[in-house]
Each structure stands twice: as C-alpha cells, then as structure tokens.
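Participant: Could you have a look at this structure, given as structure tokens, before my questions?
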Amino acid sequence: MEEIVEKIQELKRRKKAVIMAHYYVRDEVQEIADYVGDSYYLSDMATKVDADIIVLCGVTFMGESARILNPEKKVLLPAEDADCPMAHMASVEKVQEIREKYKDVAVVCYVNSTAELKAVSDVCVTSANALKIVRALPNQNIYFIPDQNLARYIADQLPEKHFIYNDGFCPRHHAVTKEQILAAKEAKPQALVLVHPECKQEVTALADFVGSTSGIIKYATASSAQEFIIVTEMGVLHELKKRNPDKTFYFASNMICPNMKKISLEKVLDVLEREQPEVRMAPERMEAARRPLERMLELAVDH
Ligand code: 13P
Ligand code: SF4
C-alpha cells in the first residue's frame with residue numbers, strides 16, 4: 001500500500017494533478033486526497049484549484065460537475081462505472097411537460113443528477129444549500145428533481161411555495177425506516193440523532209439535526225454531546241473519528257453506497273498513469289448544464 005501511495009504522490013506532482021474525494025469513499029482513498037468533502041464542497045473547490053488534472057474520487061455526476069465547471073481541465077474518474085442510480089430518476093420529457101403546465105415554474109435539480117437533466121434545469125442545489133437557494137427563488141412553483149425526500153424536507157420549511165414532486169430517491173438513504181431509528185434511540189437514549197435529508201420524512205422527523213454529510217460532521221464536532229447516532233453512508237465515520245477521537249458514533253443502519261466503494265487506490269494510480277477514463281460530454285450539453293451549476297455557486301455564497 002505504501003508503494004502505491006508513493007507512486008500516486010509522485011504522479012500527482014509530475015502531472016500537476018489534485019485528488020478530490022467524497023466522504024463516502026474508502027478510508028484509504030480519503031487519506032490520499034488533497035480535498036475531501038460533500039457534494040457542494042467538491043463542486044465549489046473544483047472551480048478554485050490550480051491544477052491541470054482533477055482526479056474525482058466519487059460517482060459519475062461528481063466528475064461531470066467538476067468537468068462542466070472546468071471545461072479546460074482534464075477530469076479523471078477512477079471508477080467509470082461508479083454511477084449514482086438516483087441521478088437517472090427523472091426525465092427530460094417530464095420536465096418539459098411541467099414547464100408547459102406551470103409557466104412560472106423553477107426546475108430545481110439536485111446535483112445527484114445526469115448532465116442531461118441539469119441542462120434542462122434552472123438551478124442546481126446540493127443538500128447543503130437547497131433550502132437557502134429555493135427560498136431565494138422568486139418562483140412560486142418549484143419542480144424539484146430527482147430526489148423526493150430532499151424535496152419534501154425543503155418543502156416542509158417553505159410553506160409559501162408550491163412543490164411538484166418527482167419520485168426519485170437514493171436507494172441507500174430511502175431504505176432507512178422509522179423503526180430502525182426508534183430501535184437505535186432506545187439502545188442509546190443519550191445519543192443525538194443526525195440524519196441526511198435524502199432519508200424519508202418519517203426518519204428526518206425523528207432527528208435532532210438534519211444536514212448534508214459536511215453538515216453532520218460539523219454539527220457533531222461543534223456539539224458538546226458525546227454520543228451520536230449517524231444516519232447516512234458509513235464512509236463519514238473516517239472524518240468524524242479524525243475530528244472527534246473522544247466521541248462515540250453509532251449507525252442506525254449499515255448504510256454502504258456500493259458505487260462509492262468502487263474507487264480503490266489501485267484505480268486512482270491507474271487513472272493517473274493512463275490519464276483515462278476522462279469525463280467527456282458534448283460541448284452544447286456542457287454549456288447548458290453549466291448555467292444552473294454556476295447559479296447554484298452564486299446563490300449559495302453568504303453575502
Ligand atoms: P452530500 O454530499 O450533499 O451530503 O450528498 C450525499 C450523497 O448522497 C452524495 O451522493
Ligand atoms: Fe447516489 Fe445514494 Fe450513493 Fe449518494 S449514497 S451516490 S445518492 S446512491
């Protein structure tokens with residue numbers, strides 16, 4: 001393993017590459033990354049890094065976003081088949097239908113989506129900024145794709161807006177049940193429950209805090225509590241333990257995203273050597289998908 005890490009470091013320097021990783025990838029991949037974060041952080045950092053190559057250790061839509069925001073950089077995906085099923089759970093035809101029906105609609109696209117869906121949307125959001133961005137939109141009607149759960153979580157806090165739901169979901173977060181949370185709470189009544197908003201309403205309703213993966217890590221780190229029940233993908237444990245060696249973390253379910261786990265050190269080394277597979281898209285698609293992503297970055301900033 002040490003040998004692979006050394007080779008990666010050497011290639012990174014020689015090729016002016018940076019490695020970015022999502023909190024859900026394997027621990028050893030998070031360890032060699034220059035930047036580790038949630039989906040929002042990774043899109044934002046992709047526009048700020050000084051590099052010729054970005055190695056994106058995450059699922060396909062993350063690589064696509066990095067490329068769309070940096071058309072002049074080479075973006076490499078160590079596991080080309082690491083796709084997020086939710087990214088495909090909406091349709092361009094349905095977006096067009098909704099636009100016909102509601103003339104003033106804003107199509108809000110969660111970044112966990114294909115570039116094709118982003119290209120027909122008005123603005124992108126991540127779980128870290130969805131509430132802030134949707135609240136700031138002048139539109140009354142909001143068509144939120146693809147995630148029904150994040151949509152409902154936001155809608156509950158914005159009763160002044162009319163939401164049109166889509167039926168997409170994350171197969172991992174959506175599978176968590178109210179019963180699992182109640183059982184975890186009963187076993188550890190002193191622990192606070194921290195939940196990702198891709199979970200169902202019956203689950204977020206039982207949370208002490210709901211937030212993105214970075215939000216959960218920040219909340220646990222700032223809290224004076226000592227024990228936490230975490231309700232998101234288990235990869236976050238690496239950063240949680242790093243920042244909070246004396247706190248205790250439990251999981252309400254053994255949530256693993258198999259696609260995120262496809263990225264290994266061997267694959268990172270391989271993409272750096274071959275500079276393949278590279279994220280590629282038609283220029284018109286990239287152009288159209290860039291607008292909603294840039295709008296997200298503008299609206300997410302604290303003024
Ligand atoms: P965040 O990174 O926005 O927390 O989203 C979680 C997720 O499921 C990424 O695929
Ligand atoms: Fe997609 Fe869910 Fe995996 Fe995130 S955790 S990449 S939403 S399948």
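Order determines the names: the first chain of the structure tokens is A, the second B, and so forth; residues in each chain are numbered 1 upward, and ligands are numbered 1 upward as they are shown.
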Which of stretch 31-209 of chain A counts as helix (DSSP H, G or I) under DSSP, as JSON, numbers by chain please?

Facilitator: {"A": [31, 32, 39, 40, 41, 42, 43, 44, 45, 46, 60, 61, 62, 63, 64, 65, 66, 67, 68, 69, 85, 86, 87, 88, 92, 93, 94, 95, 96, 97, 98, 99, 100, 101, 115, 116, 117, 118, 119, 130, 131, 132, 133, 134, 135, 136, 148, 149, 150, 151, 152, 153, 154, 155, 156, 157, 173, 174, 175, 178, 179, 180, 181, 182, 183, 184, 185, 186, 187, 201, 202, 203, 204]}

Participant: Using only C-alpha atoms and all ligand atoms, what does the table of chain A residues within 7 Å of ligand 1 look like, with each row giving the shortest atom pair and its distance in Å to one decimal, sorted by chain and ascending number, as a tab-separated table?

Facilitator:
residue	atom	partner	partner_atom_place_in_ligand_line	distance
A:His22	CA	ligand 1	2 (O)	6.9
A:Asp38	CA	ligand 1	2 (O)	3.5
A:Ser39	CA	ligand 1	2 (O)	3.8
A:Tyr40	CA	ligand 1	3 (O)	6.0
A:Asn112	CA	ligand 1	10 (O)	6.2
A:Thr126	CA	ligand 1	3 (O)	5.0
A:Ser127	CA	ligand 1	3 (O)	4.5
A:Ala128	CA	ligand 1	3 (O)	5.8
A:His196	CA	ligand 1	4 (O)	6.9
A:Ser212	CA	ligand 1	4 (O)	3.7
A:Thr213	CA	ligand 1	4 (O)	3.9
A:Ser214	CA	ligand 1	4 (O)	6.3

Participant: Tell me which protein, DNA and RNA residues are within 7 Å of stretch 162-178 of chain A, counting only C-alpha atoms, leaving out same-chain ones fewer than 2 positions away, and put them as a PDB file with all heavy atoms, in the first residue's frame.

Facilitator:
ATOM      1  N   MET A  86     -29.800   7.312  -8.394  1.00  0.00           N
ATOM      2  CA  MET A  86     -30.758   8.420  -8.305  1.00  0.00           C
ATOM      3  C   MET A  86     -30.558   9.446  -9.428  1.00  0.00           C
ATOM      4  O   MET A  86     -31.506  10.109  -9.843  1.00  0.00           O
ATOM      5  CB  MET A  86     -30.653   9.127  -6.952  1.00  0.00           C
ATOM      6  CG  MET A  86     -31.510  10.372  -6.924  1.00  0.00           C
ATOM      7  SD  MET A  86     -31.989  10.920  -5.326  1.00  0.00           S
ATOM      8  CE  MET A  86     -30.478  11.310  -4.541  1.00  0.00           C
ATOM      9  N   MET A  89     -33.123   9.213 -12.098  1.00  0.00           N
ATOM     10  CA  MET A  89     -34.530   9.025 -11.738  1.00  0.00           C
ATOM     11  C   MET A  89     -35.421  10.250 -11.995  1.00  0.00           C
ATOM     12  O   MET A  89     -36.219  10.656 -11.148  1.00  0.00           O
ATOM     13  CB  MET A  89     -34.639   8.599 -10.274  1.00  0.00           C
ATOM     14  CG  MET A  89     -34.090   7.223  -9.999  1.00  0.00           C
ATOM     15  SD  MET A  89     -34.412   6.784  -8.276  1.00  0.00           S
ATOM     16  CE  MET A  89     -33.430   5.321  -8.083  1.00  0.00           C
ATOM     17  N   ALA A  90     -35.230  10.873 -13.145  1.00  0.00           N
ATOM     18  CA  ALA A  90     -36.139  11.942 -13.577  1.00  0.00           C
ATOM     19  C   ALA A  90     -36.058  11.947 -15.097  1.00  0.00           C
ATOM     20  O   ALA A  90     -35.142  11.340 -15.666  1.00  0.00           O
ATOM     21  CB  ALA A  90     -35.713  13.285 -13.001  1.00  0.00           C
ATOM     22  N   GLN A 140     -43.024  30.789  -7.587  1.00  0.00           N
ATOM     23  CA  GLN A 140     -43.978  30.182  -6.661  1.00  0.00           C
ATOM     24  C   GLN A 140     -43.974  28.655  -6.808  1.00  0.00           C
ATOM     25  O   GLN A 140     -43.987  27.915  -5.835  1.00  0.00           O
ATOM     26  CB  GLN A 140     -45.372  30.769  -6.981  1.00  0.00           C
ATOM     27  CG  GLN A 140     -46.538  30.075  -6.339  1.00  0.00           C
ATOM     28  CD  GLN A 140     -46.586  30.318  -4.831  1.00  0.00           C
ATOM     29  OE1 GLN A 140     -45.954  31.235  -4.322  1.00  0.00           O
ATOM     30  NE2 GLN A 140     -47.322  29.474  -4.130  1.00  0.00           N
ATOM     31  N   ASN A 141     -43.929  28.207  -8.066  1.00  0.00           N
ATOM     32  CA  ASN A 141     -43.952  26.761  -8.330  1.00  0.00           C
ATOM     33  C   ASN A 141     -42.537  26.209  -8.469  1.00  0.00           C
ATOM     34  O   ASN A 141     -41.720  26.763  -9.215  1.00  0.00           O
ATOM     35  CB  ASN A 141     -44.731  26.480  -9.624  1.00  0.00           C
ATOM     36  CG  ASN A 141     -46.210  26.713  -9.433  1.00  0.00           C
ATOM     37  OD1 ASN A 141     -46.819  26.182  -8.498  1.00  0.00           O
ATOM     38  ND2 ASN A 141     -46.794  27.547 -10.283  1.00  0.00           N
ATOM     39  N   ILE A 142     -42.291  25.131  -7.743  1.00  0.00           N
ATOM     40  CA  ILE A 142     -40.953  24.520  -7.743  1.00  0.00           C
ATOM     41  C   ILE A 142     -41.091  23.061  -8.166  1.00  0.00           C
ATOM     42  O   ILE A 142     -41.802  22.287  -7.510  1.00  0.00           O
ATOM     43  CB  ILE A 142     -40.327  24.550  -6.313  1.00  0.00           C
ATOM     44  CG1 ILE A 142     -40.291  25.971  -5.724  1.00  0.00           C
ATOM     45  CG2 ILE A 142     -38.951  23.878  -6.298  1.00  0.00           C
ATOM     46  CD1 ILE A 142     -39.353  26.939  -6.396  1.00  0.00           C
ATOM     47  N   TYR A 143     -40.425  22.704  -9.261  1.00  0.00           N
ATOM     48  CA  TYR A 143     -40.367  21.275  -9.630  1.00  0.00           C
ATOM     49  C   TYR A 143     -38.975  20.793  -9.237  1.00  0.00           C
ATOM     50  O   TYR A 143     -37.974  21.223  -9.793  1.00  0.00           O
ATOM     51  CB  TYR A 143     -40.611  21.099 -11.136  1.00  0.00           C
ATOM     52  CG  TYR A 143     -40.592  19.649 -11.580  1.00  0.00           C
ATOM     53  CD1 TYR A 143     -41.153  18.641 -10.790  1.00  0.00           C
ATOM     54  CD2 TYR A 143     -40.033  19.286 -12.802  1.00  0.00           C
ATOM     55  CE1 TYR A 143     -41.138  17.312 -11.202  1.00  0.00           C
ATOM     56  CE2 TYR A 143     -40.014  17.956 -13.220  1.00  0.00           C
ATOM     57  CZ  TYR A 143     -40.572  16.980 -12.417  1.00  0.00           C
ATOM     58  OH  TYR A 143     -40.543  15.675 -12.823  1.00  0.00           O
ATOM     59  N   PHE A 144     -38.937  19.935  -8.226  1.00  0.00           N
ATOM     60  CA  PHE A 144     -37.667  19.520  -7.635  1.00  0.00           C
ATOM     61  C   PHE A 144     -37.334  18.103  -8.122  1.00  0.00           C
ATOM     62  O   PHE A 144     -38.052  17.152  -7.831  1.00  0.00           O
ATOM     63  CB  PHE A 144     -37.800  19.545  -6.103  1.00  0.00           C
ATOM     64  CG  PHE A 144     -36.488  19.479  -5.369  1.00  0.00           C
ATOM     65  CD1 PHE A 144     -35.968  20.606  -4.746  1.00  0.00           C
ATOM     66  CD2 PHE A 144     -35.768  18.288  -5.291  1.00  0.00           C
ATOM     67  CE1 PHE A 144     -34.750  20.549  -4.064  1.00  0.00           C
ATOM     68  CE2 PHE A 144     -34.550  18.233  -4.615  1.00  0.00           C
ATOM     69  CZ  PHE A 144     -34.042  19.366  -4.003  1.00  0.00           C
ATOM     70  N   ILE A 145     -36.212  17.970  -8.843  1.00  0.00           N
ATOM     71  CA  ILE A 145     -35.798  16.646  -9.348  1.00  0.00           C
ATOM     72  C   ILE A 145     -34.406  16.320  -8.825  1.00  0.00           C
ATOM     73  O   ILE A 145     -33.648  17.243  -8.510  1.00  0.00           O
ATOM     74  CB  ILE A 145     -35.802  16.608 -10.901  1.00  0.00           C
ATOM     75  CG1 ILE A 145     -34.922  17.734 -11.488  1.00  0.00           C
ATOM     76  CG2 ILE A 145     -37.210  16.713 -11.440  1.00  0.00           C
ATOM     77  CD1 ILE A 145     -34.690  17.618 -12.975  1.00  0.00           C
ATOM     78  N   PRO A 146     -33.942  15.060  -8.777  1.00  0.00           N
ATOM     79  CA  PRO A 146     -34.761  13.854  -8.830  1.00  0.00           C
ATOM     80  C   PRO A 146     -35.276  13.428  -7.449  1.00  0.00           C
ATOM     81  O   PRO A 146     -36.162  12.588  -7.392  1.00  0.00           O
ATOM     82  CB  PRO A 146     -33.789  12.777  -9.349  1.00  0.00           C
ATOM     83  CG  PRO A 146     -32.467  13.421  -9.589  1.00  0.00           C
ATOM     84  CD  PRO A 146     -32.506  14.768  -8.916  1.00  0.00           C
ATOM     85  N   ASP A 147     -34.733  13.968  -6.347  1.00  0.00           N
ATOM     86  CA  ASP A 147     -34.979  13.361  -5.027  1.00  0.00           C
ATOM     87  C   ASP A 147     -36.272  13.827  -4.348  1.00  0.00           C
ATOM     88  O   ASP A 147     -36.390  14.980  -3.948  1.00  0.00           O
ATOM     89  CB  ASP A 147     -33.793  13.634  -4.095  1.00  0.00           C
ATOM     90  CG  ASP A 147     -33.870  12.825  -2.805  1.00  0.00           C
ATOM     91  OD1 ASP A 147     -34.654  11.868  -2.753  1.00  0.00           O
ATOM     92  OD2 ASP A 147     -33.159  13.158  -1.842  1.00  0.00           O
ATOM     93  N   GLN A 148     -37.215  12.902  -4.166  1.00  0.00           N
ATOM     94  CA  GLN A 148     -38.462  13.241  -3.488  1.00  0.00           C
ATOM     95  C   GLN A 148     -38.248  13.581  -2.006  1.00  0.00           C
ATOM     96  O   GLN A 148     -38.967  14.405  -1.450  1.00  0.00           O
ATOM     97  CB  GLN A 148     -39.445  12.074  -3.592  1.00  0.00           C
ATOM     98  CG  GLN A 148     -38.903  10.787  -3.014  1.00  0.00           C
ATOM     99  CD  GLN A 148     -39.877   9.628  -3.157  1.00  0.00           C
ATOM    100  OE1 GLN A 148     -40.859   9.545  -2.451  1.00  0.00           O
ATOM    101  NE2 GLN A 148     -39.592   8.747  -4.100  1.00  0.00           N
ATOM    102  N   ASN A 149     -37.273  12.944  -1.383  1.00  0.00           N
ATOM    103  CA  ASN A 149     -37.107  13.141   0.071  1.00  0.00           C
ATOM    104  C   ASN A 149     -36.503  14.506   0.404  1.00  0.00           C
ATOM    105  O   ASN A 149     -36.983  15.194   1.311  1.00  0.00           O
ATOM    106  CB  ASN A 149     -36.260  12.017   0.666  1.00  0.00           C
ATOM    107  CG  ASN A 149     -36.979  10.693   0.594  1.00  0.00           C
ATOM    108  OD1 ASN A 149     -38.169  10.612   0.896  1.00  0.00           O
ATOM    109  ND2 ASN A 149     -36.287   9.658   0.161  1.00  0.00           N
ATOM    110  N   ALA A 151     -36.722  17.021  -1.482  1.00  0.00           N
ATOM    111  CA  ALA A 151     -37.785  17.958  -1.868  1.00  0.00           C
ATOM    112  C   ALA A 151     -38.783  18.147  -0.727  1.00  0.00           C
ATOM    113  O   ALA A 151     -39.134  19.274  -0.376  1.00  0.00           O
ATOM    114  CB  ALA A 151     -38.496  17.437  -3.114  1.00  0.00           C
ATOM    115  N   ALA A 155     -39.625  21.458   1.309  1.00  0.00           N
ATOM    116  CA  ALA A 155     -41.000  21.957   1.164  1.00  0.00           C
ATOM    117  C   ALA A 155     -41.638  22.209   2.526  1.00  0.00           C
ATOM    118  O   ALA A 155     -42.350  23.209   2.712  1.00  0.00           O
ATOM    119  CB  ALA A 155     -41.833  20.955   0.367  1.00  0.00           C
ATOM    120  N   GLU A 160     -44.761  28.659   1.825  1.00  0.00           N
ATOM    121  CA  GLU A 160     -45.208  29.675   0.860  1.00  0.00           C
ATOM    122  C   GLU A 160     -45.028  29.231  -0.602  1.00  0.00           C
ATOM    123  O   GLU A 160     -45.577  29.850  -1.514  1.00  0.00           O
ATOM    124  CB  GLU A 160     -44.480  31.009   1.123  1.00  0.00           C
ATOM    125  CG  GLU A 160     -42.990  31.064   0.803  1.00  0.00           C
ATOM    126  CD  GLU A 160     -42.067  30.510   1.907  1.00  0.00           C
ATOM    127  OE1 GLU A 160     -42.553  29.765   2.785  1.00  0.00           O
ATOM    128  OE2 GLU A 160     -40.864  30.817   1.872  1.00  0.00           O
ATOM    129  N   GLN A 180     -35.985   1.526  12.607  1.00  0.00           N
ATOM    130  CA  GLN A 180     -34.530   1.437  12.857  1.00  0.00           C
ATOM    131  C   GLN A 180     -34.053   2.595  13.743  1.00  0.00           C
ATOM    132  O   GLN A 180     -33.222   2.414  14.616  1.00  0.00           O
ATOM    133  CB  GLN A 180     -33.754   1.453  11.528  1.00  0.00           C
ATOM    134  CG  GLN A 180     -33.847   0.140  10.778  1.00  0.00           C
ATOM    135  CD  GLN A 180     -33.211   0.225   9.403  1.00  0.00           C
ATOM    136  OE1 GLN A 180     -33.507   1.127   8.618  1.00  0.00           O
ATOM    137  NE2 GLN A 180     -32.330  -0.708   9.099  1.00  0.00           N
ATOM    138  N   ILE A 181     -34.618   3.773  13.501  1.00  0.00           N
ATOM    139  CA  ILE A 181     -34.206   4.938  14.306  1.00  0.00           C
ATOM    140  C   ILE A 181     -34.702   4.761  15.750  1.00  0.00           C
ATOM    141  O   ILE A 181     -33.965   5.002  16.704  1.00  0.00           O
ATOM    142  CB  ILE A 181     -34.776   6.263  13.727  1.00  0.00           C
ATOM    143  CG1 ILE A 181     -34.440   6.397  12.246  1.00  0.00           C
ATOM    144  CG2 ILE A 181     -34.274   7.477  14.521  1.00  0.00           C
ATOM    145  CD1 ILE A 181     -32.991   6.474  11.905  1.00  0.00           C
ATOM    146  N   LEU A 182     -35.950   4.324  15.860  1.00  0.00           N
ATOM    147  CA  LEU A 182     -36.502   4.146  17.210  1.00  0.00           C
ATOM    148  C   LEU A 182     -35.702   3.097  17.983  1.00  0.00           C
ATOM    149  O   LEU A 182     -35.417   3.278  19.166  1.00  0.00           O
ATOM    150  CB  LEU A 182     -37.986   3.770  17.129  1.00  0.00           C
ATOM    151  CG  LEU A 182     -38.905   4.886  16.591  1.00  0.00           C
ATOM    152  CD1 LEU A 182     -40.322   4.375  16.378  1.00  0.00           C
ATOM    153  CD2 LEU A 182     -38.911   6.109  17.526  1.00  0.00           C
ATOM    154  N   GLU A 198     -31.694  12.969   2.480  1.00  0.00           N
ATOM    155  CA  GLU A 198     -32.135  12.009   1.464  1.00  0.00           C
ATOM    156  C   GLU A 198     -32.963  10.890   2.114  1.00  0.00           C
ATOM    157  O   GLU A 198     -33.487  10.026   1.421  1.00  0.00           O
ATOM    158  CB  GLU A 198     -30.933  11.385   0.733  1.00  0.00           C
ATOM    159  CG  GLU A 198     -30.281  12.322  -0.263  1.00  0.00           C
ATOM    160  CD  GLU A 198     -29.022  11.737  -0.895  1.00  0.00           C
ATOM    161  OE1 GLU A 198     -28.771  10.532  -0.747  1.00  0.00           O
ATOM    162  OE2 GLU A 198     -28.283  12.504  -1.515  1.00  0.00           O
ATOM    163  N   CYS A 199     -33.055  10.916   3.450  1.00  0.00           N
ATOM    164  CA  CYS A 199     -33.882   9.908   4.141  1.00  0.00           C
ATOM    165  C   CYS A 199     -35.354  10.320   4.089  1.00  0.00           C
ATOM    166  O   CYS A 199     -35.679  11.504   3.911  1.00  0.00           O
ATOM    167  CB  CYS A 199     -33.453   9.785   5.606  1.00  0.00           C
ATOM    168  SG  CYS A 199     -31.810   9.087   5.798  1.00  0.00           S
ATOM    169  N   LYS A 200     -36.232   9.353   4.326  1.00  0.00           N
ATOM    170  CA  LYS A 200     -37.674   9.611   4.277  1.00  0.00           C
ATOM    171  C   LYS A 200     -38.103  10.558   5.407  1.00  0.00           C
ATOM    172  O   LYS A 200     -37.432  10.637   6.439  1.00  0.00           O
ATOM    173  CB  LYS A 200     -38.442   8.291   4.417  1.00  0.00           C
ATOM    174  CG  LYS A 200     -38.356   7.429   3.174  1.00  0.00           C
ATOM    175  CD  LYS A 200     -39.251   6.218   3.260  1.00  0.00           C
ATOM    176  CE  LYS A 200     -38.704   5.190   4.197  1.00  0.00           C
ATOM    177  NZ  LYS A 200     -38.898   3.805   3.808  1.00  0.00           N
ATOM    178  N   GLU A 202     -40.411  10.251   7.593  1.00  0.00           N
ATOM    179  CA  GLU A 202     -40.622   9.580   8.885  1.00  0.00           C
ATOM    180  C   GLU A 202     -39.309   9.435   9.651  1.00  0.00           C
ATOM    181  O   GLU A 202     -39.295   9.285  10.862  1.00  0.00           O
ATOM    182  CB  GLU A 202     -41.269   8.195   8.675  1.00  0.00           C
ATOM    183  CG  GLU A 202     -40.380   7.222   7.899  1.00  0.00           C
ATOM    184  CD  GLU A 202     -40.958   5.813   7.801  1.00  0.00           C
ATOM    185  OE1 GLU A 202     -42.157   5.703   7.504  1.00  0.00           O
ATOM    186  OE2 GLU A 202     -40.199   4.849   8.001  1.00  0.00           O
ATOM    187  N   VAL A 203     -38.188   9.491   8.932  1.00  0.00           N
ATOM    188  CA  VAL A 203     -36.865   9.372   9.556  1.00  0.00           C
ATOM    189  C   VAL A 203     -36.331  10.763   9.939  1.00  0.00           C
ATOM    190  O   VAL A 203     -35.883  10.974  11.078  1.00  0.00           O
ATOM    191  CB  VAL A 203     -35.893   8.622   8.601  1.00  0.00           C
ATOM    192  CG1 VAL A 203     -34.462   8.664   9.113  1.00  0.00           C
ATOM    193  CG2 VAL A 203     -36.362   7.185   8.426  1.00  0.00           C
ATOM    194  N   THR A 232     -26.495   8.194   7.754  1.00  0.00           N
ATOM    195  CA  THR A 232     -26.046   8.432   6.380  1.00  0.00           C
ATOM    196  C   THR A 232     -25.027   7.352   6.059  1.00  0.00           C
ATOM    197  O   THR A 232     -24.869   6.390   6.824  1.00  0.00           O
ATOM    198  CB  THR A 232     -25.502   9.870   6.196  1.00  0.00           C
ATOM    199  OG1 THR A 232     -25.336  10.114   4.794  1.00  0.00           O
ATOM    200  CG2 THR A 232     -24.176  10.117   6.886  1.00  0.00           C
ATOM    201  N   SER A 253     -28.334   2.132  10.681  1.00  0.00           N
ATOM    202  CA  SER A 253     -28.358   1.028   9.713  1.00  0.00           C
ATOM    203  C   SER A 253     -26.974   0.980   9.082  1.00  0.00           C
ATOM    204  O   SER A 253     -26.287   2.002   9.039  1.00  0.00           O
ATOM    205  CB  SER A 253     -29.402   1.282   8.626  1.00  0.00           C
ATOM    206  OG  SER A 253     -28.968   2.326   7.777  1.00  0.00           O
ATOM    207  N   MET A 255     -25.296   1.527   6.407  1.00  0.00           N
ATOM    208  CA  MET A 255     -25.513   2.082   5.079  1.00  0.00           C
ATOM    209  C   MET A 255     -24.197   2.200   4.298  1.00  0.00           C
ATOM    210  O   MET A 255     -23.302   2.927   4.696  1.00  0.00           O
ATOM    211  CB  MET A 255     -26.167   3.462   5.189  1.00  0.00           C
ATOM    212  CG  MET A 255     -26.785   3.900   3.872  1.00  0.00           C
ATOM    213  SD  MET A 255     -27.163   5.644   3.805  1.00  0.00           S
ATOM    214  CE  MET A 255     -28.361   5.832   5.085  1.00  0.00           C
ATOM    215  N   CYS A 257     -22.778   2.746   0.259  1.00  0.00           N
ATOM    216  CA  CYS A 257     -23.060   3.011  -1.154  1.00  0.00           C
ATOM    217  C   CYS A 257     -22.054   2.200  -1.980  1.00  0.00           C
ATOM    218  O   CYS A 257     -20.873   2.528  -2.005  1.00  0.00           O
ATOM    219  CB  CYS A 257     -22.916   4.499  -1.459  1.00  0.00           C
ATOM    220  SG  CYS A 257     -23.083   4.841  -3.221  1.00  0.00           S
TER     221      CYS A 257
END

Participant: Check the smallest atom-to-atom distance from each of A:Thr60, A:Gln276, A:Ser91, A:Gln201 to ligand 2 using only C-alpha atoms and all ligand atoms, then report the winner.

Facilitator: A:Thr60

Participant: For each of A:Val231, A:Ala17, A:Val105, A:Leu76, take the minimum atom-to-atom distance to ligand 2, counting only C-alpha atoms and all ligand atoms, then give the residue where this is smallest.

Facilitator: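 Of A:Val231, A:Ala17, A:Val105, A:Leu76, the one nearest ligand 2 is A:Val231, counting only C-alpha atoms and all ligand atoms.
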
Participant: Identify all residues of stretch 124-227 of chain A in strand (DSSP E or B) (DSSP on the backbone) and supply them as a PyMOL selection string.

Facilitator: chain A and resi 124-125+141-145+147+162-165+168+192-195+209-210+227

Participant: Produce a file of the selected residues containing C-alpha atoms, as a PDB file, in the first residue's frame.

Facilitator:
ATOM      1  CA  CYS A 124     -28.827  23.162  -9.153  1.00  0.00           C
ATOM      2  CA  VAL A 125     -28.712  22.559  -5.409  1.00  0.00           C
ATOM      3  CA  ASN A 141     -43.952  26.761  -8.330  1.00  0.00           C
ATOM      4  CA  ILE A 142     -40.953  24.520  -7.743  1.00  0.00           C
ATOM      5  CA  TYR A 143     -40.367  21.275  -9.630  1.00  0.00           C
ATOM      6  CA  PHE A 144     -37.667  19.520  -7.635  1.00  0.00           C
ATOM      7  CA  ILE A 145     -35.798  16.646  -9.348  1.00  0.00           C
ATOM      8  CA  ASP A 147     -34.979  13.361  -5.027  1.00  0.00           C
ATOM      9  CA  HIS A 162     -45.914  25.093  -4.222  1.00  0.00           C
ATOM     10  CA  PHE A 163     -43.786  21.992  -4.773  1.00  0.00           C
ATOM     11  CA  ILE A 164     -44.248  19.492  -7.565  1.00  0.00           C
ATOM     12  CA  TYR A 165     -42.566  16.230  -6.598  1.00  0.00           C
ATOM     13  CA  GLY A 168     -36.597   9.645  -7.406  1.00  0.00           C
ATOM     14  CA  LEU A 192     -28.192  12.686  19.370  1.00  0.00           C
ATOM     15  CA  VAL A 193     -29.629  11.572  16.020  1.00  0.00           C
ATOM     16  CA  LEU A 194     -28.039  13.191  12.938  1.00  0.00           C
ATOM     17  CA  VAL A 195     -29.799  12.470   9.626  1.00  0.00           C
ATOM     18  CA  PHE A 209     -30.254  17.559  13.316  1.00  0.00           C
ATOM     19  CA  VAL A 210     -30.773  17.160   9.549  1.00  0.00           C
ATOM     20  CA  GLU A 227     -22.575  10.210  21.514  1.00  0.00           C
TER      21      GLU A 227
END

Participant: Have a look at A:Lys73, A:Lys103, A:Lys242, A:Lys185 and name the one nearest to A:Leu206; count only C-alpha atoms.

Facilitator: A:Lys185

Participant: If we count only C-alpha atoms, what is near A:Val55 at a cut-off of 9 Å, once residues fewer than 4 positions away on the same chain are taken out, given as a list of chain:residue names?

Facilitator: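 Those residues are A:Ala17, A:Val18, A:Ile19, A:Met20, A:Ala21, A:Gly63, A:Lys74, A:Val75, A:Leu76, A:Leu77, A:Pro78, A:Val268, A:Val271, A:Leu272.
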
Participant: Within 8 Å of stretch 263-266 of chain A, counting only C-alpha atoms, which residues qualify if same-chain residues fewer than 3 places away don't, as a list of chain:residue names?

Facilitator: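 Listing them by chain and then by number gives A:Ile4, A:Val5, A:Val25, A:Arg26, A:Glu28, A:Val29, A:Cys57, A:Gly58, A:Pro78, A:Ala79, A:Ala82, A:Asn259, A:Met260, A:Leu269, A:Asp270.
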
Participant: Please report the interatomic distance between atom CA of A:Asn129 and atom CA of A:Pro292 in Å with one decimal.

Facilitator: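 Between these atoms lies a distance of 13.6 Å.
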